[in-house]
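Okay, coords-v8.cif now, which holds mmCIF, C-alpha atoms:
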data_my_file
#
loop_
_atom_site.label_atom_id
_atom_site.label_comp_id
_atom_site.auth_asym_id
_atom_site.auth_seq_id
_atom_site.Cartn_x
_atom_site.Cartn_y
_atom_site.Cartn_z
CA MET A 13 16.89 -43.22 61.91
CA SER A 14 18.11 -40.32 59.76
CA ARG A 15 21.82 -39.92 59.21
CA PRO A 16 23.44 -36.55 60.12
CA GLY A 17 23.91 -35.71 56.47
CA GLU A 18 20.23 -36.28 55.79
CA LYS A 19 19.23 -33.90 58.60
CA LEU A 20 21.58 -31.26 57.24
CA THR A 21 20.12 -31.67 53.78
CA LEU A 22 16.61 -31.27 55.17
CA LYS A 23 17.61 -28.10 57.01
CA LYS A 24 19.15 -26.71 53.85
CA ARG A 25 15.95 -27.47 51.97
CA ILE A 26 13.88 -25.84 54.68
CA ARG A 27 15.99 -22.70 54.46
CA LYS A 28 15.90 -22.78 50.67
CA TRP A 29 12.13 -22.98 50.64
CA LYS A 30 9.96 -20.60 52.58
CA TYR A 31 10.42 -22.25 55.97
CA ARG A 32 12.77 -19.76 57.58
CA ASN A 33 10.47 -18.97 60.52
CA TYR A 34 9.95 -22.68 61.17
CA LEU A 35 13.57 -22.95 62.30
CA ASP A 36 13.56 -19.72 64.31
CA PHE A 37 12.50 -20.78 67.79
CA ARG A 38 12.67 -17.19 69.02
CA ILE A 39 9.42 -16.53 67.14
CA LYS A 40 6.39 -17.85 69.02
CA SER A 41 3.94 -20.16 67.30
CA PRO A 42 0.27 -19.27 67.82
CA ASP A 43 -1.87 -21.43 70.08
CA ASN A 44 -5.06 -20.27 68.38
CA LYS A 45 -5.09 -20.95 64.63
CA PHE A 46 -7.60 -21.59 61.87
CA VAL A 47 -7.96 -22.60 58.24
CA ILE A 48 -10.49 -21.21 55.76
CA TYR A 49 -11.11 -24.12 53.39
CA THR A 50 -12.74 -22.80 50.26
CA ARG A 51 -12.75 -22.22 46.50
CA GLY A 52 -12.29 -19.12 44.39
CA ARG A 53 -15.10 -16.56 44.06
CA THR A 54 -16.68 -17.47 47.42
CA GLY A 55 -16.25 -14.15 49.22
CA SER A 56 -13.03 -15.20 50.93
CA THR A 57 -11.47 -11.76 50.50
CA VAL A 58 -14.48 -10.18 52.19
CA LEU A 59 -14.30 -12.71 55.02
CA THR A 60 -10.57 -12.11 55.46
CA GLU A 61 -11.09 -8.36 55.77
CA LEU A 62 -13.88 -8.87 58.30
CA LEU A 63 -11.81 -11.20 60.45
CA ASN A 64 -8.80 -8.92 60.31
CA CYS A 65 -10.90 -6.23 61.99
CA HIS A 66 -10.30 -8.16 65.21
CA PRO A 67 -7.17 -6.88 66.98
CA GLU A 68 -6.06 -10.42 67.86
CA ILE A 69 -6.35 -11.95 64.37
CA PHE A 70 -3.84 -12.11 61.56
CA CYS A 71 -5.71 -13.75 58.68
CA ASP A 72 -3.18 -14.42 55.95
CA VAL A 73 -3.43 -14.69 52.18
CA GLU A 74 -3.74 -17.93 50.19
CA ILE A 75 -0.33 -19.17 51.25
CA PHE A 76 -0.46 -22.06 48.74
CA ASN A 77 -1.15 -19.73 45.83
CA PHE A 78 1.94 -19.75 43.60
CA ILE A 79 1.89 -15.94 43.69
CA TYR A 80 2.90 -16.18 47.35
CA SER A 81 4.60 -19.57 47.61
CA GLY A 82 6.70 -18.99 44.50
CA SER A 83 6.78 -22.68 43.63
CA ARG A 84 5.52 -26.06 44.78
CA ILE A 85 5.79 -26.63 48.52
CA LYS A 86 7.36 -30.00 49.23
CA PHE A 87 6.85 -29.91 53.00
CA PRO A 88 3.36 -28.47 53.59
CA ILE A 89 3.13 -28.88 57.37
CA PRO A 90 6.46 -27.16 58.19
CA TYR A 91 5.56 -24.48 55.64
CA ILE A 92 2.22 -23.82 57.35
CA GLN A 93 3.91 -23.76 60.75
CA SER A 94 6.45 -21.28 59.43
CA CYS A 95 3.75 -19.02 58.00
CA SER A 96 1.76 -19.20 61.25
CA LYS A 97 4.53 -17.37 63.09
CA ARG A 98 3.66 -14.25 61.12
CA SER A 99 0.91 -13.58 63.66
CA SER A 100 3.47 -13.22 66.44
CA MET A 101 5.64 -11.02 64.24
CA PHE A 102 2.66 -8.67 63.79
CA GLY A 103 1.74 -8.73 67.47
CA LYS A 104 -1.33 -10.94 67.01
CA SER A 105 -2.27 -14.04 69.00
CA VAL A 106 -4.43 -15.77 66.36
CA TYR A 107 -3.31 -16.92 62.92
CA GLY A 108 -5.42 -18.05 59.99
CA PHE A 109 -4.93 -18.70 56.30
CA LYS A 110 -7.02 -19.50 53.25
CA VAL A 111 -6.52 -22.55 51.09
CA LYS A 112 -8.37 -23.82 48.05
CA ILE A 113 -8.88 -27.49 47.30
CA ALA A 114 -7.45 -26.94 43.80
CA GLN A 115 -4.25 -25.52 45.26
CA LEU A 116 -3.71 -28.69 47.27
CA ARG A 117 -4.71 -31.40 44.84
CA VAL A 118 -3.87 -29.78 41.49
CA GLU A 119 -1.28 -27.02 41.83
CA HIS A 120 0.85 -28.60 44.57
CA GLN A 121 -0.20 -32.14 43.61
CA TYR A 122 -0.61 -33.55 47.11
CA SER A 123 -2.08 -37.01 46.64
CA ASP A 124 -2.69 -37.16 50.40
CA TYR A 125 -4.00 -33.64 50.95
CA ASP A 126 -6.88 -34.99 53.07
CA ARG A 127 -4.25 -36.37 55.45
CA ILE A 128 -2.66 -32.92 55.61
CA LEU A 129 -6.00 -31.44 56.64
CA SER A 130 -6.46 -34.17 59.24
CA GLU A 131 -2.99 -33.51 60.67
CA LEU A 132 -3.76 -29.82 61.00
CA SER A 133 -7.00 -30.61 62.83
CA LYS A 134 -5.19 -32.94 65.24
CA ASP A 135 -2.65 -30.18 65.86
CA GLY A 136 -5.39 -27.83 67.03
CA TRP A 137 -6.23 -25.96 63.84
CA LYS A 138 -9.89 -24.95 63.62
CA PHE A 139 -11.62 -25.19 60.26
CA ILE A 140 -14.01 -22.80 58.55
CA HIS A 141 -15.64 -24.24 55.44
CA LEU A 142 -16.53 -21.31 53.18
CA LYS A 143 -18.59 -22.22 50.15
CA ARG A 144 -21.23 -21.17 47.65
CA VAL A 145 -24.34 -23.19 46.96
CA ASN A 146 -25.47 -21.61 43.68
CA PHE A 147 -23.03 -23.09 41.19
CA LEU A 148 -24.57 -21.29 38.22
CA ARG A 149 -23.83 -17.90 39.75
CA HIS A 150 -20.45 -19.20 40.91
CA LYS A 151 -19.50 -20.03 37.33
CA LEU A 152 -20.90 -16.73 36.06
CA SER A 153 -18.75 -14.85 38.56
CA SER A 154 -15.65 -16.55 37.15
CA LEU A 155 -16.75 -15.86 33.56
CA MET A 156 -17.35 -12.20 34.41
CA VAL A 157 -13.85 -11.91 35.87
CA ALA A 158 -12.41 -13.46 32.71
CA GLU A 159 -14.37 -10.96 30.61
CA THR A 160 -13.64 -7.79 32.61
CA ASN A 161 -10.42 -8.67 34.47
CA ILE A 162 -12.05 -7.12 37.56
CA PHE A 163 -11.69 -9.35 40.61
CA HIS A 164 -12.89 -6.94 43.29
CA LEU A 165 -14.51 -3.53 43.56
CA ARG A 166 -14.62 -1.19 46.52
CA ASN A 167 -17.18 1.45 47.41
CA GLY A 168 -16.60 4.44 45.18
CA GLU A 169 -15.06 2.36 42.43
CA THR A 170 -17.03 1.66 39.28
CA GLY A 171 -16.70 -1.20 36.87
CA GLU A 172 -18.38 -1.69 33.55
CA GLN A 173 -21.60 -3.65 34.08
CA LYS A 174 -21.30 -5.97 31.12
CA LYS A 175 -23.71 -8.57 29.87
CA ILE A 176 -22.05 -11.68 28.54
CA ASN A 177 -23.09 -14.38 26.13
CA VAL A 178 -22.53 -17.75 27.79
CA ASP A 179 -22.13 -21.20 26.28
CA PHE A 180 -24.60 -23.63 27.85
CA ASP A 181 -22.06 -26.46 27.86
CA VAL A 182 -19.55 -24.26 29.69
CA ILE A 183 -22.22 -23.40 32.25
CA MET A 184 -23.08 -27.06 32.77
CA GLU A 185 -19.42 -28.00 33.14
CA GLY A 186 -19.12 -25.32 35.81
CA ILE A 187 -22.20 -26.51 37.67
CA THR A 188 -21.27 -30.19 37.63
CA TYR A 189 -17.68 -29.40 38.61
CA GLY A 190 -18.95 -27.25 41.46
CA GLU A 191 -21.12 -30.08 42.72
CA GLU A 192 -18.21 -32.52 42.50
CA VAL A 193 -15.92 -30.19 44.44
CA GLU A 194 -18.56 -29.68 47.11
CA ARG A 195 -18.90 -33.45 47.58
CA THR A 196 -15.13 -33.77 47.84
CA GLU A 197 -14.86 -30.93 50.35
CA GLU A 198 -17.59 -32.48 52.48
CA GLU A 199 -15.77 -35.81 52.36
CA ASN A 200 -12.49 -34.11 53.34
CA LEU A 201 -14.12 -32.51 56.37
CA LYS A 202 -16.46 -35.28 57.52
CA ASN A 203 -14.19 -36.24 60.43
CA ILE A 204 -12.87 -32.74 61.08
CA PRO A 205 -14.81 -30.42 63.42
CA HIS A 206 -15.67 -27.24 61.53
CA ILE A 207 -18.19 -24.51 61.01
CA LYS A 208 -19.74 -23.55 57.69
CA VAL A 209 -20.00 -20.10 56.19
CA ILE A 210 -22.27 -19.88 53.15
CA TYR A 211 -21.65 -17.07 50.69
CA GLU A 212 -25.31 -16.60 49.78
CA THR A 213 -26.59 -16.35 53.37
CA ASP A 214 -23.58 -15.14 55.36
CA ILE A 215 -21.44 -12.98 53.04
CA LEU A 216 -23.48 -11.66 50.11
CA ASP A 217 -25.65 -9.32 52.20
CA ASN A 218 -23.58 -6.71 54.04
CA SER A 219 -26.11 -6.68 56.87
CA LYS A 220 -25.04 -10.26 57.71
CA HIS A 221 -21.35 -9.46 58.07
CA GLN A 222 -21.36 -8.64 61.79
CA GLU A 223 -23.41 -11.71 62.67
CA THR A 224 -21.12 -13.93 60.58
CA ALA A 225 -17.95 -12.48 62.09
CA ASP A 226 -19.29 -12.76 65.64
CA ARG A 227 -20.11 -16.44 65.08
CA ILE A 228 -16.55 -17.08 63.93
CA PHE A 229 -15.06 -15.04 66.78
CA GLU A 230 -17.05 -17.14 69.24
CA TYR A 231 -15.86 -20.32 67.52
CA LEU A 232 -12.28 -19.11 67.94
CA GLY A 233 -12.87 -18.22 71.59
CA LEU A 234 -12.60 -14.48 70.97
CA SER A 235 -14.72 -11.57 72.11
CA PRO A 236 -16.99 -9.78 69.61
CA GLN A 237 -15.50 -6.94 67.62
CA PRO A 238 -17.09 -4.43 65.19
CA VAL A 239 -16.29 -5.35 61.59
CA SER A 240 -16.67 -3.72 58.20
CA THR A 241 -15.37 -3.85 54.65
CA ASP A 242 -15.80 -1.57 51.65
CA LEU A 243 -15.62 -4.42 49.16
CA LYS A 244 -18.70 -4.79 46.98
CA ARG A 245 -20.04 -7.23 44.42
CA ILE A 246 -18.90 -7.22 40.81
CA THR A 247 -22.11 -8.90 39.56
CA VAL A 248 -25.76 -7.87 39.63
CA ASP A 249 -28.80 -9.50 41.22
CA ARG A 250 -30.82 -10.45 38.15
CA LEU A 251 -29.42 -13.10 35.84
CA GLN A 252 -31.32 -11.42 33.01
CA ASP A 253 -29.11 -8.36 33.52
CA MET A 254 -25.95 -10.45 33.35
CA ILE A 255 -26.57 -12.98 30.58
CA ILE A 256 -27.31 -11.91 27.00
CA ASN A 257 -28.78 -15.31 26.07
CA TYR A 258 -30.60 -15.75 29.38
CA GLU A 259 -33.78 -17.10 27.77
CA GLU A 260 -31.83 -19.94 26.15
CA ILE A 261 -30.14 -20.86 29.45
CA GLU A 262 -33.41 -20.64 31.36
CA LYS A 263 -35.24 -22.82 28.83
CA ARG A 264 -32.59 -25.55 28.95
CA LEU A 265 -32.38 -25.61 32.75
CA LYS A 266 -36.11 -25.51 33.48
CA GLY A 267 -37.61 -28.87 34.28
CA THR A 268 -34.23 -30.30 35.28
CA ARG A 269 -32.67 -30.68 38.73
CA PHE A 270 -30.52 -27.66 37.87
CA GLU A 271 -33.51 -25.30 37.65
CA LYS A 272 -32.97 -24.27 41.30
CA TYR A 273 -29.83 -22.38 40.29
CA LEU A 274 -31.90 -19.88 38.31
CA PHE A 275 -33.22 -18.41 41.57
#
For the file at hand, write its structure as structure tokens.
Amino acid sequence: MSRPGEKLTLKKRIRKWKYRNYLDFRIKSPDNKFVIYTRGRTGSTVLTELLNCHPEIFCDVEIFNFIYSGSRIKFPIPYIQSCSKRSSMFGKSVYGFKVKIAQLRVEHQYSDYDRILSELSKDGWKFIHLKRVNFLRHKLSSLMVAETNIFHLRNGETGEQKKINVDFDVIMEGITYGEEVERTEEENLKNIPHIKVIYETDILDNSKHQETADRIFEYLGLSPQPVSTDLKRITVDRLQDMIINYEEIEKRLKGTRFEKYLF
């Protein structure tokens, strides 16, 4: 049993960190809540904007990103519960947030982050697994951001369509890392009910946005709602128009199990 002093210390820590709403019982916690479990460059910003078209949804930012958390979060569950009350503060009944596997296991260094996910599921959180399946293009998207410093573009905005020279070893590291992360994510979610949203089939093509959003709304027990976003891709369709040394990359991938990523 905790001593009174220990409880007081915990409360002080909670107030010191970003848990203020957790202690404010006047603010209602949402009954309907979800997690978007993903990686970077998967279309999560597009998905967030689509979901936020629904009048009942408050889909939050990456709350474990240091930009928003400010520092490492020592008490992840109370922190999430505190953040979830933002939906009520904005007059919404449904709360969701995005989280990347790297934020949990690397940035915040949770050795038991799979247990955290399991606890959320048991507490009624619904999971959306957002991922990409073409790890070559995934890596190229990150390299293009590093080259141009353009993360997103909206309709009417123009960005320089650059071609980049890529190191084959860097590409292979990106592909193999992507495959490893996918296996880990699948392992994390194997006992957690969830739906999958695939960037290439559900997000990339704007004509799929309404269908994708409606599927998620149904999963959350919500009525359909028209959705739209003016975000657009920062990369082009043809790899040849993106990679200066495309022929070298193509030659080294052809005939291997990685050849599928060329298409």
Matched chain/residue IDs from the PyMOL selection byres ((chain A and resi 116) around 12), as an MDAnalysis selection string: chainID A and resid 49:51 74:78 84:86 88 110:115 117:129 197 200
What does the distance from CA of Gln222 (chain A) to CA of Leu62 (chain A) come to in Å, to one decimal?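 Calculated distance between CA of Gln222 (chain A) and CA of Leu62 (chain A) is 8.3 Å.
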Just how far from CA of Cys71 (chain A) is CA of Lys244 (chain A), in Å to one decimal?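 Result for CA of Lys244 (chain A) versus CA of Cys71 (chain A): 19.6 Å, one decimal.
Interatomic distance, CA of Gly136 (chain A) to CA of Leu216 (chain A): 29.6 Å.
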Closest to Thr60 (chain A) among A:His221, A:Lys134, A:Arg264, A:Arg32, using all atoms listed in the file?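 Selected residue with least distance to Thr60 (chain A): A:His221.
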Explicit residues for the PyMOL selection byres ((chain A and resi 232-236) around 9) (as JSON, numbers by chain): {"A": [44, 45, 46, 66, 68, 106, 138, 225, 226, 227, 228, 229, 230, 231, 237, 238]}
Pick from A:Ser56, A:Ser219, A:Asn257, A:Gln93: nearest to Leu142 (chain A), with all atoms listed in the file counted? A:Ser56
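Applied to this file, the PyMOL selection byres ((chain A and resi 265) around 12) selects Leu148, Phe180, Asp181, Ile183, Met184, Ile187, Tyr258, Glu259, Glu260, Ile261, Glu262, Lys263, Arg264, Lys266, Gly267, Thr268, Arg269, Phe270, Glu271, Lys272, Tyr273, Leu274 and Phe275 of chain A.
In this comparison, which uses all atoms listed in the file, the residue of A:Val157, A:Leu152, A:Val73, A:Ile162 approaching Asp179 (chain A) most closely is A:Leu152.
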